[in-house]
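Asker: Here it is: the structure, laid out below.
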Amino acid sequence: MNKLVVLLYILAIFSCSSTKTINIPVRDELAITGSEFYRKSVSFNWAQRDSLAVKEILSGNIPSFLRFLVPVDSEIKDSSGKTINARYFVSSDYLSIGSNDDWARIPLTPMAAQQIADSFHCFLPTRKMVDDIYKAAVVKLEPVPMYAFRDSTITMYQHHLIVEGQRNLRKGLIAGTKKDVVISERIIKDNRQNRVAIYGWHKLDGKPIQPLYSGHVNWYTDYSHGIRLVYQIIYIDGRPMNYIDVLKDKSLKKLLCDETDCNFYRYSY
């Protein structure tokens with residue numbers, strides 16, 4: 001093996017084993033904090049809240065830890081029995097707004113989530129990926145359902161504060177705190193237009209509270225919805241591939257989704 005091949009191999013191994021950084025503008029020190037976002041949007045409707053959130057996030061108003069994505073691994077066996085490995089990189093928590101000292105998780109519609117994901121060269125997870133992310137999480141929290149005013153801005157902030165109390169300053173990949181907005185062929189198969197697909201919110205026994213569901217109209221958002229970003233490059237046995245190409249490959253797509261929910265889908269905005 002010549003030196004160039006060895007160097008390329010080492011670079012491939014390094015690139016798929018370290019954390020990834022999202023290319024996001026530097027946060028303005030005068031930008032609103034997480035608590036300020038909720039105070040400002042308390043009387044907003046969903047569209048106004050979405051608009052403000054997209055503006056703030058795309059301008060770089062997120063806590064610094066969300067700029068760094070952490071690895072999650074998946075594997076399958078091909079028809080010959082050979083193991084194929086994948087590594088992809090995800091945000092350690094759900095999309096949030098604010099400074100390191102005052103930030104808050106922000107539920108979003110799939111339209112806003114897709115716009116942000118596209119802008120940051122990311123995508124939204126599949127149902128299988130949500131399961132794999134939960135398994136890989138180092139901080140697993142017991143879900144805390146809330147039953148009144150579920151779609152109100154106040155409830156969204158209250159739930160964030162409850163989760164922070166549970167987290168108790170623990171750091172690392174966190175799960176069990178919200179349902180994920182996911183990409184799913186359920187949207188394609190649903191006879192109703194303008195749907196959002198949600199899934200997850202795993203209990204400590206590993207079972208999700210929310211099965212894959214597309215019953216909500218796409219503008220509906222409540223406190224339990226979370227947006228997890230996944231970097232668009234997937235490393236297949238160390239080789240980088242765009243997630244779209246992985247999902248279009250009859251064999252490799254099983255690394256990211258199960259056979260019953262594996263047609264490529266993205267939300268419009």
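Labels for the structure tokens follow display order: chains A, B, ..., residues from 1 in each chain, ligands from 1.
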List the spatial neighbours of Gln115 (chain A) as a ChimeraX atom specification - criterion: any atom at most 10 Å away, only C-alpha atoms, same-chain residues fewer than 5 positions off excluded.

Answerer: /A:54,58,110,120,122-123,267-269

Asker: At a cut-off of 6 Å, using only C-alpha atoms, what residues contact Lys140 (chain A)? Leave out same-chain residues fewer than 6 positions from it and give the result as a list in words.

Answerer: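 My list of contacting residues is Ile174, Ala175 and Gly176 of chain A.
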
Asker: Keeping only C-alpha atoms, write those residues as a PDB file, in the first residue's frame.

Answerer:
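Dumped to selection-v8.pdb:
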```
ATOM      1  CA  ILE A 174     -29.579  13.288  25.413  1.00  0.00           C
ATOM      2  CA  ALA A 175     -32.826  11.456  24.603  1.00  0.00           C
ATOM      3  CA  GLY A 176     -36.182  10.588  26.115  1.00  0.00           C
TER       4      GLY A 176
END
```

Asker: Might you pull out every residue within 7 Å of region 76-86 of chain A, with only C-alpha atoms counted and same-chain residues fewer than 6 positions away left off, and present them as a list in words?

Answerer: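 So, after excluding close chain neighbours, the residues are Ile234, Tyr235, Ile236, Asp237 and Leu255 of chain A.
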
Asker: So, with only C-alpha atoms as the atoms that count, which of A:Leu252, A:Ile22, A:Ile62, A:Val90 lies closest to Gly34 (chain A)?

Answerer: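 Residue with the minimum atom-to-atom distance to Gly34 (chain A): A:Ile62.
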
Asker: Name the residues of region 81-263 of chain A that come out as alpha helix (DSSP H) in a backbone DSSP run; write them as a PyMOL selection string.

Answerer: chain A and resi 110-119+127-136+153-167+186-189+243-248

Asker: Which residues come within 12 Å of Ala112 (chain A), counting only C-alpha atoms, excluding same-chain residues fewer than 2 positions away, as a PDB file with C-alpha atoms, in the first residue's frame?

Answerer:
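Once everything was written out, this is result-v4.pdb:
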```
ATOM      1  CA  TRP A  46     -47.575  29.278  15.355  1.00  0.00           C
ATOM      2  CA  ALA A  47     -46.508  31.092  12.167  1.00  0.00           C
ATOM      3  CA  GLN A  48     -45.140  34.100  14.049  1.00  0.00           C
ATOM      4  CA  ARG A  49     -43.297  31.887  16.529  1.00  0.00           C
ATOM      5  CA  ASP A  50     -41.856  29.804  13.686  1.00  0.00           C
ATOM      6  CA  SER A  51     -40.738  32.915  11.804  1.00  0.00           C
ATOM      7  CA  LEU A  52     -38.928  34.366  14.803  1.00  0.00           C
ATOM      8  CA  ALA A  53     -37.288  31.026  15.611  1.00  0.00           C
ATOM      9  CA  VAL A  54     -36.005  30.520  12.048  1.00  0.00           C
ATOM     10  CA  LYS A  55     -34.640  34.079  11.974  1.00  0.00           C
ATOM     11  CA  GLU A  56     -32.818  33.633  15.268  1.00  0.00           C
ATOM     12  CA  ILE A  57     -31.412  30.177  14.555  1.00  0.00           C
ATOM     13  CA  LEU A  58     -30.214  30.972  11.030  1.00  0.00           C
ATOM     14  CA  LEU A  95     -32.849  22.706  18.410  1.00  0.00           C
ATOM     15  CA  ILE A 106     -37.905  25.351  20.655  1.00  0.00           C
ATOM     16  CA  PRO A 107     -40.593  23.114  19.081  1.00  0.00           C
ATOM     17  CA  LEU A 108     -40.993  23.902  15.362  1.00  0.00           C
ATOM     18  CA  THR A 109     -43.184  22.932  12.432  1.00  0.00           C
ATOM     19  CA  PRO A 110     -41.609  20.549   9.902  1.00  0.00           C
ATOM     20  CA  GLN A 114     -36.579  21.527   7.041  1.00  0.00           C
ATOM     21  CA  GLN A 115     -35.491  25.080   6.187  1.00  0.00           C
ATOM     22  CA  ILE A 116     -33.023  25.120   9.063  1.00  0.00           C
ATOM     23  CA  ALA A 117     -31.736  21.617   8.274  1.00  0.00           C
ATOM     24  CA  ASP A 118     -31.163  22.516   4.619  1.00  0.00           C
ATOM     25  CA  SER A 119     -29.375  25.730   5.582  1.00  0.00           C
ATOM     26  CA  LEU A 124     -34.196  15.224   9.876  1.00  0.00           C
ATOM     27  CA  VAL A 181     -40.239  15.287  13.846  1.00  0.00           C
ATOM     28  CA  VAL A 196     -46.243  16.057   9.927  1.00  0.00           C
ATOM     29  CA  ASN A 218     -48.183  20.234   9.471  1.00  0.00           C
ATOM     30  CA  TRP A 219     -48.670  23.568  11.231  1.00  0.00           C
ATOM     31  CA  TYR A 220     -49.536  21.872  14.522  1.00  0.00           C
ATOM     32  CA  THR A 221     -46.718  22.011  17.065  1.00  0.00           C
ATOM     33  CA  GLY A 226     -38.348  18.263  19.082  1.00  0.00           C
ATOM     34  CA  ILE A 227     -36.059  18.902  16.115  1.00  0.00           C
ATOM     35  CA  ARG A 266     -38.495  15.826   2.728  1.00  0.00           C
ATOM     36  CA  TYR A 267     -40.838  18.583   3.867  1.00  0.00           C
ATOM     37  CA  SER A 268     -41.620  21.596   1.675  1.00  0.00           C
ATOM     38  CA  TYR A 269     -41.285  25.166   2.931  1.00  0.00           C
TER      39      TYR A 269
END
```

Asker: Looking at A:Asp222, A:Pro145, A:Tyr199, A:Tyr88, which one is nearest to Asn242 (chain A), with distances taken over only C-alpha atoms?

Answerer: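 The shortest atom-to-atom distance to Asn242 (chain A) comes from A:Tyr88.
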
Asker: Give me, please, the distance in Å between CA of Met156 (chain A) and CA of Leu141 (chain A), quoted to one decimal.

Answerer: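 Between CA of Met156 (chain A) and CA of Leu141 (chain A) the gap is 17.3 Å.
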
Asker: Would you list the contacts of Gly172 (chain A) as an mmCIF file with N, CA and C atoms, in the first residue's frame, taking every protein, DNA or RNA residue within 7 Å and counting only C-alpha atoms, but skipping same-chain residues closer than 6 positions in sequence?

Answerer:
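Saved to around07.cif:
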```cif
data_model
loop_
_atom_site.group_PDB
_atom_site.id
_atom_site.type_symbol
_atom_site.label_atom_id
_atom_site.label_comp_id
_atom_site.auth_asym_id
_atom_site.auth_seq_id
_atom_site.Cartn_x
_atom_site.Cartn_y
_atom_site.Cartn_z
ATOM 1 N N SER A 92 -26.529 16.938 19.792
ATOM 2 C CA SER A 92 -26.607 16.257 21.085
ATOM 3 C C SER A 92 -27.919 16.530 21.808
ATOM 4 N N VAL A 138 -26.190 9.076 26.112
ATOM 5 C CA VAL A 138 -25.534 8.890 27.408
ATOM 6 C C VAL A 138 -26.379 9.480 28.533
ATOM 7 N N VAL A 139 -27.322 10.352 28.179
ATOM 8 C CA VAL A 139 -28.258 10.913 29.150
ATOM 9 C C VAL A 139 -29.669 10.539 28.705
#
```

Asker: Which residue, A:Asp73, A:Glu29, A:Glu259, A:Asp180, has the smallest gap to Ile209 (chain A) when you use only C-alpha atoms?

Answerer: A:Asp180

Asker: Could you jot down the CA of His159 (chain A) to CA of Trp201 (chain A) separation for me, Å, one decimal place?

Answerer: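 Taking CA of His159 (chain A) as the start and CA of Trp201 (chain A) as the end point, the length is 13.5 Å.
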
Asker: Quick check for you: according to DSSP on this backbone, which residues of region 179-240 of chain A are classed as strand (DSSP E)? Reply as a count of residues only.

Answerer: 24

Asker: Show which residues sit within 10 Å of Ile244 (chain A), as a PyMOL selection string. Count only C-alpha atoms, and ignore same-chain residues fewer than 2 positions away.

Answerer: chain A and resi 123+232-234+241-242+246-249+253+264-265

Asker: What separation in Å, quoted to one decimal, exists between CA of Leu30 (chain A) and CA of Arg170 (chain A)?

Answerer: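 Those two atoms sit 27.2 Å apart.
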
Asker: From the list A:Gly215, A:Gly165, A:Gly200, A:Pro25, which residue is nearest Val130 (chain A) when using only C-alpha atoms?

Answerer: A:Gly200

Asker: Have a look at A:Leu169, A:Met111, A:Val144, A:Ile154 and name the one nearest to Ala197 (chain A); count only C-alpha atoms.

Answerer: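 The closest residue to Ala197 (chain A) is A:Met111.
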
Asker: For Arg192 (chain A), which of A:Ala148, A:Leu212, A:Val217, A:Val163 is the closest residue, counting only C-alpha atoms?

Answerer: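 Closest to Arg192 (chain A) of all the choices is A:Val217.
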
Asker: So that I can check the surroundings of Thr33 (chain A), please list as a ChimeraX atom specification every protein, DNA and RNA residue that reaches within 9 Å of it, counting only C-alpha atoms and ignoring chain neighbours fewer than 6 positions away.

Answerer: /A:61-62,97-104
